[in-house]
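A.B. asks: Got structure_33.pdb for you, PDB, C-alpha atoms:
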ATOM      1  CA  MET A   1      -2.355 -60.681   7.600
ATOM      2  CA  ASP A   2       0.470 -59.234   9.658
ATOM      3  CA  LEU A   3       0.135 -56.932  12.649
ATOM      4  CA  ARG A   4       0.986 -53.840  10.622
ATOM      5  CA  GLY A   5      -1.852 -54.505   8.194
ATOM      6  CA  ASN A   6      -4.332 -54.913  11.026
ATOM      7  CA  VAL A   7      -3.267 -51.584  12.529
ATOM      8  CA  LEU A   8      -3.720 -49.764   9.215
ATOM      9  CA  ILE A   9      -7.221 -51.214   8.769
ATOM     10  CA  ALA A  10      -8.130 -50.203  12.302
ATOM     11  CA  ILE A  11      -6.967 -46.643  11.689
ATOM     12  CA  PHE A  12      -8.938 -46.475   8.447
ATOM     13  CA  LEU A  13     -12.135 -47.682  10.114
ATOM     14  CA  TYR A  14     -11.663 -45.190  12.935
ATOM     15  CA  CYS A  15     -11.314 -42.334  10.501
ATOM     16  CA  ALA A  16     -14.337 -43.500   8.526
ATOM     17  CA  LEU A  17     -16.476 -43.603  11.662
ATOM     18  CA  PHE A  18     -15.319 -40.582  13.605
ATOM     19  CA  VAL A  19     -13.670 -38.111  11.209
ATOM     20  CA  ARG A  20     -15.630 -36.207   8.616
ATOM     21  CA  ASN A  21     -13.797 -33.589   6.491
ATOM     22  CA  THR A  22     -16.194 -31.247   4.797
ATOM     23  CA  SER A  23     -15.767 -29.268   1.638
ATOM     24  CA  ALA A  24     -18.332 -26.665   2.605
ATOM     25  CA  ASP A  25     -16.936 -23.142   2.262
ATOM     26  CA  LEU A  26     -18.414 -19.868   3.388
ATOM     27  CA  SER A  27     -17.690 -16.405   2.051
ATOM     28  CA  TYR A  28     -18.670 -13.132   3.651
ATOM     29  CA  SER A  29     -18.032  -9.536   2.647
ATOM     30  CA  VAL A  30     -17.475  -6.981   5.401
ATOM     31  CA  PRO A  31     -16.223  -3.383   5.550
ATOM     32  CA  GLU A  32     -12.973  -2.724   7.364
ATOM     33  CA  GLU A  33     -12.938  -0.981  10.763
ATOM     34  CA  MET A  34     -16.047  -2.784  12.086
ATOM     35  CA  ARG A  35     -16.329  -2.603  15.871
ATOM     36  CA  PRO A  36     -15.396  -5.679  17.926
ATOM     37  CA  GLY A  37     -18.584  -7.646  18.575
ATOM     38  CA  SER A  38     -20.141  -6.754  15.199
ATOM     39  CA  ILE A  39     -21.920  -9.661  13.522
ATOM     40  CA  VAL A  40     -20.554 -10.881  10.183
ATOM     41  CA  GLY A  41     -23.097 -13.656   9.631
ATOM     42  CA  ASN A  42     -24.631 -16.716  11.244
ATOM     43  CA  ILE A  43     -22.353 -19.589  10.295
ATOM     44  CA  ALA A  44     -24.467 -22.162  12.140
ATOM     45  CA  LYS A  45     -27.473 -21.300   9.981
ATOM     46  CA  ASP A  46     -25.436 -20.989   6.790
ATOM     47  CA  LEU A  47     -23.833 -24.436   7.346
ATOM     48  CA  GLY A  48     -26.951 -26.122   8.696
ATOM     49  CA  LEU A  49     -25.444 -26.745  12.136
ATOM     50  CA  GLU A  50     -27.411 -27.109  15.375
ATOM     51  CA  VAL A  51     -26.605 -24.125  17.601
ATOM     52  CA  GLU A  52     -27.214 -26.054  20.825
ATOM     53  CA  LYS A  53     -24.470 -28.564  19.869
ATOM     54  CA  LEU A  54     -21.755 -25.978  19.131
ATOM     55  CA  PHE A  55     -20.453 -25.923  22.710
ATOM     56  CA  LYS A  56     -20.498 -29.710  23.031
ATOM     57  CA  ARG A  57     -18.613 -30.063  19.754
ATOM     58  CA  LYS A  58     -16.010 -27.504  20.852
ATOM     59  CA  ALA A  59     -16.681 -25.226  17.882
ATOM     60  CA  ARG A  60     -13.882 -22.697  17.389
ATOM     61  CA  ILE A  61     -12.317 -20.388  14.834
ATOM     62  CA  GLU A  62      -8.687 -20.955  13.933
ATOM     63  CA  THR A  63      -6.318 -18.976  11.743
ATOM     64  CA  GLU A  64      -2.595 -19.074  11.007
ATOM     65  CA  ASP A  65      -2.005 -15.459  11.925
ATOM     66  CA  GLN A  66      -3.795 -12.897  14.056
ATOM     67  CA  GLN A  67      -7.362 -13.913  14.871
ATOM     68  CA  TYR A  68      -9.773 -11.182  13.855
ATOM     69  CA  CYS A  69     -13.007 -13.200  14.216
ATOM     70  CA  ASP A  70     -14.635 -15.585  16.663
ATOM     71  CA  ILE A  71     -17.818 -17.653  16.958
ATOM     72  CA  ASP A  72     -20.553 -16.936  19.493
ATOM     73  CA  LEU A  73     -21.420 -20.415  20.743
ATOM     74  CA  LYS A  74     -24.815 -19.261  22.044
ATOM     75  CA  THR A  75     -26.072 -17.894  18.725
ATOM     76  CA  GLY A  76     -23.809 -19.354  16.026
ATOM     77  CA  ASN A  77     -22.869 -15.853  14.880
ATOM     78  CA  LEU A  78     -19.456 -15.107  13.411
ATOM     79  CA  VAL A  79     -18.383 -11.888  15.159
ATOM     80  CA  ILE A  80     -15.543  -9.423  14.812
ATOM     81  CA  ARG A  81     -12.985  -9.953  17.550
ATOM     82  CA  GLU A  82     -10.473  -7.246  16.637
ATOM     83  CA  ARG A  83     -10.669  -4.182  14.417
ATOM     84  CA  ILE A  84      -9.570  -4.938  10.837
ATOM     85  CA  ASP A  85      -7.474  -2.304   9.071
ATOM     86  CA  ARG A  86      -7.536  -3.192   5.379
ATOM     87  CA  GLU A  87      -4.495  -1.075   4.537
ATOM     88  CA  GLU A  88      -2.451  -2.694   7.315
ATOM     89  CA  LEU A  89      -3.602  -6.193   6.349
ATOM     90  CA  CYS A  90      -3.317  -6.023   2.538
ATOM     91  CA  GLY A  91      -1.594  -2.760   1.633
ATOM     92  CA  GLU A  92      -2.547  -1.598  -1.869
ATOM     93  CA  LYS A  93      -3.817  -4.951  -3.146
ATOM     94  CA  VAL A  94      -7.081  -4.577  -5.054
ATOM     95  CA  SER A  95      -8.578  -7.662  -3.403
ATOM     96  CA  CYS A  96      -8.171  -8.265   0.337
ATOM     97  CA  THR A  97      -9.319 -11.618   1.705
ATOM     98  CA  LEU A  98      -8.952 -12.934   5.251
ATOM     99  CA  LYS A  99      -8.977 -16.738   5.412
ATOM    100  CA  THR A 100      -9.926 -18.683   8.536
ATOM    101  CA  GLU A 101     -11.437 -22.048   9.513
ATOM    102  CA  LEU A 102     -14.288 -23.283  11.667
ATOM    103  CA  ILE A 103     -13.304 -26.448  13.565
ATOM    104  CA  LEU A 104     -15.838 -28.824  15.170
ATOM    105  CA  GLU A 105     -15.178 -32.090  16.973
ATOM    106  CA  ASN A 106     -17.087 -35.380  17.471
ATOM    107  CA  PRO A 107     -17.091 -35.862  14.518
ATOM    108  CA  LEU A 108     -14.309 -33.629  13.238
ATOM    109  CA  GLU A 109     -15.400 -31.053  10.674
ATOM    110  CA  VAL A 110     -13.349 -28.318   9.036
ATOM    111  CA  HIS A 111     -15.100 -25.495   7.210
ATOM    112  CA  ARG A 112     -13.106 -22.850   5.349
ATOM    113  CA  ILE A 113     -14.339 -19.287   5.782
ATOM    114  CA  SER A 114     -13.260 -16.353   3.605
ATOM    115  CA  LEU A 115     -13.835 -12.736   4.567
ATOM    116  CA  LEU A 116     -13.592 -10.224   1.728
ATOM    117  CA  ILE A 117     -12.526  -7.003   3.438
ATOM    118  CA  GLN A 118     -14.077  -3.987   1.734
ATOM    119  CA  ASP A 119     -12.279  -0.677   1.715
ATOM    120  CA  ILE A 120     -13.874   2.307   3.412
ATOM    121  CA  ASN A 121     -12.695   5.843   2.865
ATOM    122  CA  ASP A 122     -10.738   6.136   6.106
ATOM    123  CA  ASN A 123      -7.589   7.737   4.699
ATOM    124  CA  SER A 124      -7.038  11.221   3.290
ATOM    125  CA  PRO A 125      -4.713  11.956   0.364
ATOM    126  CA  VAL A 126      -1.229  12.843   1.573
ATOM    127  CA  PHE A 127       1.476  14.685  -0.344
ATOM    128  CA  PRO A 128       5.085  13.498   0.202
ATOM    129  CA  LYS A 129       5.840  16.948   1.631
ATOM    130  CA  GLU A 130       3.502  19.517   3.122
ATOM    131  CA  THR A 131       5.479  22.256   1.397
ATOM    132  CA  ILE A 132       6.707  21.979  -2.194
ATOM    133  CA  LYS A 133       9.565  24.337  -3.007
ATOM    134  CA  LEU A 134      10.396  25.370  -6.574
ATOM    135  CA  GLU A 135      12.830  27.873  -8.011
ATOM    136  CA  ILE A 136      11.817  29.199 -11.421
ATOM    137  CA  SER A 137      13.615  31.655 -13.636
ATOM    138  CA  GLU A 138      11.862  34.856 -14.612
ATOM    139  CA  SER A 139      12.940  34.062 -18.179
ATOM    140  CA  ALA A 140      10.653  31.007 -18.245
ATOM    141  CA  VAL A 141       8.220  31.221 -21.153
ATOM    142  CA  LYS A 142       4.481  30.733 -21.114
ATOM    143  CA  GLY A 143       3.661  27.020 -21.299
ATOM    144  CA  ALA A 144       6.731  25.902 -19.301
ATOM    145  CA  ARG A 145       5.904  22.882 -17.152
ATOM    146  CA  TYR A 146       7.074  22.013 -13.646
ATOM    147  CA  ARG A 147       6.328  18.571 -12.245
ATOM    148  CA  VAL A 148       5.209  18.284  -8.635
ATOM    149  CA  ASN A 149       4.827  15.082  -6.641
ATOM    150  CA  ASP A 150       1.372  13.556  -6.694
ATOM    151  CA  ALA A 151      -0.512  12.767  -3.498
ATOM    152  CA  HIS A 152      -0.977   9.219  -2.263
ATOM    153  CA  ASP A 153      -4.098   7.731  -0.709
ATOM    154  CA  ALA A 154      -3.737   4.437   1.186
ATOM    155  CA  ASP A 155      -7.298   3.471   0.222
ATOM    156  CA  VAL A 156      -8.101   1.586  -2.990
ATOM    157  CA  GLY A 157     -10.749   1.539  -5.719
ATOM    158  CA  HIS A 158     -12.948   4.611  -5.972
ATOM    159  CA  ASN A 159     -11.481   5.952  -2.701
ATOM    160  CA  VAL A 160      -8.111   6.855  -4.264
ATOM    161  CA  VAL A 161      -7.129  10.361  -5.397
ATOM    162  CA  LYS A 162      -9.428  11.479  -8.206
ATOM    163  CA  GLN A 163      -8.889  15.223  -8.580
ATOM    164  CA  TYR A 164      -6.351  18.000  -8.045
ATOM    165  CA  ILE A 165      -7.319  21.626  -7.564
ATOM    166  CA  LEU A 166      -4.975  24.622  -7.719
ATOM    167  CA  GLU A 167      -5.921  27.774  -5.861
ATOM    168  CA  LYS A 168      -6.658  30.616  -8.270
ATOM    169  CA  ASN A 169      -3.567  32.730  -8.988
ATOM    170  CA  ASN A 170      -2.078  35.084 -11.601
ATOM    171  CA  ASN A 171       0.659  32.884 -13.090
ATOM    172  CA  PHE A 172      -0.026  29.131 -13.085
ATOM    173  CA  VAL A 173      -2.622  26.575 -14.111
ATOM    174  CA  LEU A 174      -2.618  22.876 -13.290
ATOM    175  CA  SER A 175      -2.161  19.980 -15.723
ATOM    176  CA  VAL A 176      -3.015  16.447 -14.559
ATOM    177  CA  ARG A 177      -2.509  13.390 -16.771
ATOM    178  CA  ASP A 178      -2.648   9.653 -16.086
ATOM    179  CA  ASP A 179       0.679   7.921 -16.653
ATOM    180  CA  THR A 180       1.271   4.330 -17.740
ATOM    181  CA  SER A 181       1.762   3.053 -14.165
ATOM    182  CA  GLY A 182      -1.678   4.213 -13.023
ATOM    183  CA  SER A 183      -0.410   7.242 -11.108
ATOM    184  CA  LYS A 184      -1.049  10.836 -12.107
ATOM    185  CA  ASN A 185       1.487  13.188 -13.639
ATOM    186  CA  VAL A 186       0.870  16.553 -11.959
ATOM    187  CA  GLU A 187       2.457  19.678 -13.431
ATOM    188  CA  LEU A 188       2.296  23.408 -12.864
ATOM    189  CA  VAL A 189       2.020  25.158 -16.230
ATOM    190  CA  LEU A 190       3.179  28.746 -16.529
ATOM    191  CA  ASP A 191       0.243  30.717 -17.921
ATOM    192  CA  LYS A 192       1.686  34.207 -17.438
ATOM    193  CA  GLU A 193       5.399  35.079 -17.343
ATOM    194  CA  LEU A 194       6.999  35.845 -13.989
ATOM    195  CA  ASP A 195       8.575  39.194 -13.156
ATOM    196  CA  ARG A 196      11.176  38.996 -10.396
ATOM    197  CA  GLU A 197      11.252  42.759  -9.995
ATOM    198  CA  THR A 198       7.587  42.875  -8.982
ATOM    199  CA  GLU A 199       7.298  39.491  -7.215
ATOM    200  CA  GLN A 200      10.249  37.472  -5.949
ATOM    201  CA  ASN A 201       8.109  34.754  -4.311
ATOM    202  CA  VAL A 202       4.848  33.138  -5.391
ATOM    203  CA  HIS A 203       2.725  31.188  -2.912
ATOM    204  CA  LEU A 204       0.174  28.645  -4.138
ATOM    205  CA  VAL A 205      -2.079  26.017  -2.555
ATOM    206  CA  MET A 206      -2.834  22.675  -4.213
ATOM    207  CA  VAL A 207      -5.553  20.291  -2.992
ATOM    208  CA  ALA A 208      -5.880  16.563  -3.745
ATOM    209  CA  VAL A 209      -9.403  15.133  -3.434
ATOM    210  CA  ASP A 210     -10.340  11.454  -3.339
ATOM    211  CA  GLY A 211     -13.435   9.766  -4.750
ATOM    212  CA  GLY A 212     -14.940   8.592  -1.460
ATOM    213  CA  ASN A 213     -18.284   9.543   0.018
ATOM    214  CA  PRO A 214     -17.851  11.735   1.918
ATOM    215  CA  GLN A 215     -14.760  12.951   0.132
ATOM    216  CA  ARG A 216     -11.446  13.453   1.891
ATOM    217  CA  SER A 217      -8.721  15.844   0.822
ATOM    218  CA  GLY A 218      -5.084  16.703   1.434
ATOM    219  CA  THR A 219      -3.305  20.028   0.928
ATOM    220  CA  ALA A 220       0.213  21.089  -0.059
ATOM    221  CA  ALA A 221       1.649  24.585  -0.042
ATOM    222  CA  ILE A 222       3.762  25.492  -3.082
ATOM    223  CA  GLN A 223       6.497  28.070  -2.554
ATOM    224  CA  ILE A 224       8.066  29.407  -5.743
ATOM    225  CA  THR A 225      11.199  31.519  -5.675
ATOM    226  CA  VAL A 226      11.630  33.558  -8.854
ATOM    227  CA  LEU A 227      15.240  33.721 -10.073
ATOM    228  CA  ASP A 228      17.416  33.869 -13.159
ATOM    229  CA  ALA A 229      17.800  30.494 -15.528
ATOM    230  CA  ASN A 230      17.988  26.732 -15.362
ATOM    231  CA  ASP A 231      17.324  24.933 -18.620
ATOM    232  CA  ASN A 232      17.533  21.179 -18.101
ATOM    233  CA  ALA A 233      15.927  18.730 -15.689
ATOM    234  CA  PRO A 234      17.865  15.652 -14.508
ATOM    235  CA  VAL A 235      17.253  12.532 -16.611
ATOM    236  CA  PHE A 236      17.392   9.014 -15.169
ATOM    237  CA  GLU A 237      19.313   6.336 -17.065
ATOM    238  CA  GLN A 238      16.247   4.091 -16.701
ATOM    239  CA  ALA A 239      12.552   4.867 -16.254
ATOM    240  CA  VAL A 240      12.092   1.673 -14.238
ATOM    241  CA  TYR A 241      14.645  -0.044 -12.001
ATOM    242  CA  LYS A 242      14.176  -3.635 -10.799
ATOM    243  CA  ALA A 243      16.086  -5.657  -8.229
ATOM    244  CA  ASP A 244      15.879  -9.013  -6.424
ATOM    245  CA  VAL A 245      17.012  -9.228  -2.798
ATOM    246  CA  PRO A 246      17.128 -12.396  -0.646
ATOM    247  CA  GLU A 247      15.153 -12.115   2.570
ATOM    248  CA  ASN A 248      18.302 -12.856   4.610
ATOM    249  CA  ALA A 249      20.238  -9.909   3.131
ATOM    250  CA  ALA A 250      22.446  -8.281   5.775
ATOM    251  CA  LEU A 251      21.939  -4.696   6.925
ATOM    252  CA  GLY A 252      23.898  -2.365   4.673
ATOM    253  CA  THR A 253      23.547  -4.584   1.611
ATOM    254  CA  VAL A 254      23.424  -2.444  -1.550
ATOM    255  CA  VAL A 255      20.260  -3.249  -3.497
ATOM    256  CA  LEU A 256      21.123  -1.097  -6.522
ATOM    257  CA  THR A 257      22.089   2.436  -7.493
ATOM    258  CA  VAL A 258      19.857   4.781  -9.463
ATOM    259  CA  SER A 259      21.537   7.419 -11.574
ATOM    260  CA  ALA A 260      20.391  10.621 -13.251
ATOM    261  CA  SER A 261      22.370  13.210 -15.167
ATOM    262  CA  ASP A 262      21.750  16.906 -15.762
ATOM    263  CA  ALA A 263      23.099  18.725 -18.831
ATOM    264  CA  ASP A 264      23.403  22.013 -16.948
ATOM    265  CA  GLU A 265      26.581  23.167 -15.241
ATOM    266  CA  GLY A 266      27.369  24.240 -11.684
ATOM    267  CA  VAL A 267      24.551  24.229  -9.141
ATOM    268  CA  ASN A 268      22.032  23.751 -11.954
ATOM    269  CA  GLY A 269      23.642  20.402 -12.761
ATOM    270  CA  ASP A 270      24.031  19.060  -9.198
ATOM    271  CA  VAL A 271      21.630  16.164  -8.695
ATOM    272  CA  ILE A 272      20.179  15.000  -5.394
ATOM    273  CA  TYR A 273      17.925  11.981  -4.871
ATOM    274  CA  GLU A 274      14.965  11.444  -2.571
ATOM    275  CA  PHE A 275      11.996   9.113  -2.217
ATOM    276  CA  SER A 276       8.923  10.831  -3.604
ATOM    277  CA  ARG A 277       6.578   7.956  -2.848
ATOM    278  CA  ILE A 278       7.320   5.126  -0.425
ATOM    279  CA  SER A 279       5.175   3.053   1.951
ATOM    280  CA  ASP A 280       5.740   3.028   5.702
ATOM    281  CA  LYS A 281       6.842  -0.626   5.493
ATOM    282  CA  ALA A 282       9.437   0.179   2.827
ATOM    283  CA  LYS A 283      10.789   3.103   4.881
ATOM    284  CA  LYS A 284      11.661   0.655   7.664
ATOM    285  CA  VAL A 285      13.789  -1.610   5.476
ATOM    286  CA  PHE A 286      15.372   0.575   2.762
ATOM    287  CA  THR A 287      17.375   3.814   2.724
ATOM    288  CA  LEU A 288      18.438   6.070  -0.141
ATOM    289  CA  ASP A 289      21.703   8.016  -0.285
ATOM    290  CA  SER A 290      20.687  11.484  -1.494
ATOM    291  CA  LYS A 291      24.065  12.112  -3.164
ATOM    292  CA  THR A 292      24.933   8.752  -4.740
ATOM    293  CA  GLY A 293      21.489   7.281  -5.437
ATOM    294  CA  GLU A 294      22.481   4.088  -3.606
ATOM    295  CA  ILE A 295      19.627   2.065  -2.059
ATOM    296  CA  LYS A 296      20.593  -0.123   0.904
ATOM    297  CA  VAL A 297      18.898  -2.614   3.198
ATOM    298  CA  SER A 298      18.294  -0.962   6.579
ATOM    299  CA  GLY A 299      15.885  -3.379   8.247
ATOM    300  CA  ALA A 300      14.926  -7.040   8.474
ATOM    301  CA  LEU A 301      13.326  -8.440   5.307
ATOM    302  CA  ASP A 302      10.715 -11.200   5.395
ATOM    303  CA  PHE A 303       9.404 -12.863   2.240
ATOM    304  CA  GLU A 304       6.385 -14.270   4.055
ATOM    305  CA  SER A 305       5.141 -10.889   5.306
ATOM    306  CA  ASN A 306       6.048  -8.729   2.300
ATOM    307  CA  SER A 307       7.601 -10.047  -0.908
ATOM    308  CA  HIS A 308       7.260  -6.955  -3.134
ATOM    309  CA  TYR A 309       8.094  -3.272  -2.707
ATOM    310  CA  GLU A 310       7.473  -0.478  -5.180
ATOM    311  CA  MET A 311       8.536   3.124  -4.733
ATOM    312  CA  ARG A 312       9.318   6.284  -6.689
ATOM    313  CA  ILE A 313      12.547   8.251  -6.576
ATOM    314  CA  ASP A 314      13.002  11.906  -7.515
ATOM    315  CA  ALA A 315      16.159  13.411  -8.999
ATOM    316  CA  LYS A 316      16.357  17.195  -8.517
ATOM    317  CA  ASP A 317      18.883  19.702  -9.653
ATOM    318  CA  GLY A 318      20.050  22.729  -7.676
ATOM    319  CA  TYR A 319      17.133  24.921  -8.687
ATOM    320  CA  GLY A 320      14.170  22.601  -8.520
ATOM    321  CA  LEU A 321      13.811  20.930 -11.901
ATOM    322  CA  SER A 322      13.150  17.225 -11.395
ATOM    323  CA  SER A 323      12.250  13.884 -12.920
ATOM    324  CA  ASP A 324      11.381  10.564 -11.350
ATOM    325  CA  CYS A 325      11.753   6.830 -11.830
ATOM    326  CA  ARG A 326      10.044   3.708 -10.495
ATOM    327  CA  LEU A 327      11.870   1.157  -8.373
ATOM    328  CA  MET A 328      10.508  -2.382  -7.910
ATOM    329  CA  ILE A 329      12.182  -4.720  -5.427
ATOM    330  CA  GLU A 330      11.297  -8.410  -5.157
ATOM    331  CA  ILE A 331      12.212 -10.262  -1.963
ATOM    332  CA  THR A 332      13.312 -13.826  -2.728
ATOM    333  CA  ASP A 333      12.389 -16.655  -0.407
ATOM    334  CA  ILE A 334      14.968 -18.438   1.731
ATOM    335  CA  ASN A 335      14.022 -21.790   3.242
ATOM    336  CA  ASP A 336      13.893 -20.487   6.816
ATOM    337  CA  ASN A 337      10.653 -22.176   7.911
ATOM    338  CA  ALA A 338      10.438 -25.796   8.964
TER     339      ALA A 338
END
Would you write out, as structure tokens, the structure that this file holds?

C.D. replies:
Amino acid sequence: MDLRGNVLIAIFLYCALFVRNTSADLSYSVPEEMRPGSIVGNIAKDLGLEVEKLFKRKARIETEDQQYCDIDLKTGNLVIRERIDREELCGEKVSCTLKTELILENPLEVHRISLLIQDINDNSPVFPKETIKLEISESAVKGARYRVNDAHDADVGHNVVKQYILEKNNNFVLSVRDDTSGSKNVELVLDKELDRETEQNVHLVMVAVDGGNPQRSGTAAIQITVLDANDNAPVFEQAVYKADVPENAALGTVVLTVSASDADEGVNGDVIYEFSRISDKAKKVFTLDSKTGEIKVSGALDFESNSHYEMRIDAKDGYGLSSDCRLMIEITDINDNA
């Protein structure tokens, strides 16, 4: 047998004697926002390890990204090292899992540990704007509908927005319907005709309430200016826009252009565009031209940190009638990691 064969056998025997890879996995479920030092579970007990040997075997927790947990070598407890914000870690994903590993030496053992991060109701519903401005003709008939932007809650599950309440008033009632994307279509419905001669401005308050315990709420003021007639809302060419963008796209790169048309003339037919729902991460990397509907790259994209963005865009005419569309952007991977 040649020298190379002897070396390979020696390496194999060494691994057989001194290296032991384990398939034991642990899973824990913890609420977000636990204080540093909080105990998740006793991994020594759950894996059948001797606590007194943890220090000698250089037991440690390792993770590819930020390390949120650590092991207490005196007790074998897995403890929270840094506060975990579920929304920051996983965004709006339904399931949020933090993966880490327990490493021991002499012999080498690797145990995979999964932490399922549970959502707590730590966010209140937020409307895109604190004040919603509408201009409605006094000729509007009973039953006329006026869409307003729904509120967004960064929490998930039962902690999302569940209910909308409109302050009692003389002219409007609220209509709330679930749309096909899972959001809510919120509309003011004219219940009693407006009279500009007696009331030129109507002030309303709308409240969004989530399903948490205790509940959280967000409020928007609605300012309605009563004027004389606008018949058509802008209509987007597409209800849903989709685009793929490479992660190395240069600043200023045009992602796509949304377009809506309005059958009215003059100011009533002038269309402006704005984001009606967009995450903080998306705000940092995309901009929208309010006049042209052009969406451009404005920040550094990274497939590894965020590969999908979804937002809503409003098209409004000169006197407040509006419609919206969905925009979904996929970031494509570039081989930029060795």

A.B. asks: Which residues are close to segment 96-107 of chain A, i.e. within 6 Å by only C-alpha atoms, leaving aside same-chain residues fewer than 5 positions away? Reply as number ranges by chain.

C.D. replies: A: 18-19, 57-63, 90, 112-117

A.B. asks: Residue by residue, what does the PyMOL selection byres ((chain A and resi 201) around 8) grab here? Present the result as a ChimeraX atom specification.

C.D. replies: /A:199-200,202-203,223-226

A.B. asks: Between atom CA of Ser276 of chain A and atom CA of Asn149 of chain A, what is the distance in Å, rounded to a tenth?

C.D. replies: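 These atoms are spaced 6.6 Å apart.
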
A.B. asks: Using only C-alpha atoms, which residue out of A:Asp25, A:Glu87, A:Asp179, A:Glu52 lies closest to Thr75 of chain A?

C.D. replies: A:Glu52

A.B. asks: Dump as a count of residues only all residues having an atom at most 12 Å from (-7.9, -6.9, 9.9), computed in the file's coordinates with all atoms listed in the file.

C.D. replies: 33

A.B. asks: Hey, what comes out of the PyMOL selection byres ((chain A and resi 286-290) around 12) on this file? Could you write it as a PyMOL selection string?

C.D. replies: chain A and resi 245+249-260+270-276+278-285+291-301+309-317+327+329

A.B. asks: Counting only C-alpha atoms, which of A:Glu64, A:Asp178, A:Glu187, A:Asp150 gets nearest to Thr219 of chain A?

C.D. replies: A:Asp150

A.B. asks: Interatomic distance between atom CA of Ser124 of chain A and atom CA of Ala151 of chain A?

C.D. replies: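 Taking atom CA of Ser124 of chain A and atom CA of Ala151 of chain A, their separation equals 9.5 Å.
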
A.B. asks: When you draw a straight line from atom CA of Leu78 of chain A to atom CA of Asp122 of chain A, how long is it in Å?

C.D. replies: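 Straight-line distance from atom CA of Leu78 of chain A to atom CA of Asp122 of chain A works out to 24.1 Å.
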
A.B. asks: Given 3 Å on each side, where is the centre and what are the edge lengths in Å to one decimal of the axis-aligned box enclosing the listed atoms of segment 194-210 of chain A, as AutoDock Vina command-line options?

C.D. replies:
--center_x 0.5 --center_y 27.2 --center_z -8.3 --size_x 27.6 --size_y 37.4 --size_z 17.4

A.B. asks: For Asn185 of chain A, please output as a VMD selection string all residues within 12 Å (counting only C-alpha atoms; exclusion window: fewer than 6 positions along the same chain).

C.D. replies: chain A and resid 145 to 151 163 to 164 174 to 179 323 to 324

A.B. asks: Using only C-alpha atoms, which of A:Ser261, A:Leu49, A:Val209, A:Glu130 sits nearest Glu109 of chain A?

C.D. replies: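 Comparing A:Ser261, A:Leu49, A:Val209, A:Glu130 against Glu109 of chain A, the winner is A:Leu49.
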
A.B. asks: Please identify all polymer residues lying at most 10 Å from the point (-2.9, 35.7, -7.8) (file coordinates), using all atoms listed in the file, and present the result as a list in words.

C.D. replies: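 With a cut-off of 10 Å, the residues come to Glu167, Lys168, Asn169, Asn170, Asn171, Phe172, Val202, His203 and Leu204 of chain A.
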
A.B. asks: Generate the output file for the selected residues, C-alpha atoms, as a PDB file, keeping the file's coordinate frame.

C.D. replies:
ATOM      1  CA  GLU A 167      -5.921  27.774  -5.861  1.00  0.00           C
ATOM      2  CA  LYS A 168      -6.658  30.616  -8.270  1.00  0.00           C
ATOM      3  CA  ASN A 169      -3.567  32.730  -8.988  1.00  0.00           C
ATOM      4  CA  ASN A 170      -2.078  35.084 -11.601  1.00  0.00           C
ATOM      5  CA  ASN A 171       0.659  32.884 -13.090  1.00  0.00           C
ATOM      6  CA  PHE A 172      -0.026  29.131 -13.085  1.00  0.00           C
ATOM      7  CA  VAL A 202       4.848  33.138  -5.391  1.00  0.00           C
ATOM      8  CA  HIS A 203       2.725  31.188  -2.912  1.00  0.00           C
ATOM      9  CA  LEU A 204       0.174  28.645  -4.138  1.00  0.00           C
TER      10      LEU A 204
END

A.B. asks: Going by the chain IDs and residue numbers used in this file, which residues fall under the PyMOL selection byres ((chain A and resi 319) around 12)? Write them as JSON, numbers by chain.

C.D. replies: {"A": [133, 134, 135, 136, 137, 146, 224, 225, 226, 227, 228, 229, 230, 231, 232, 233, 234, 262, 264, 265, 266, 267, 268, 269, 270, 271, 272, 315, 316, 317, 318, 320, 321, 322]}
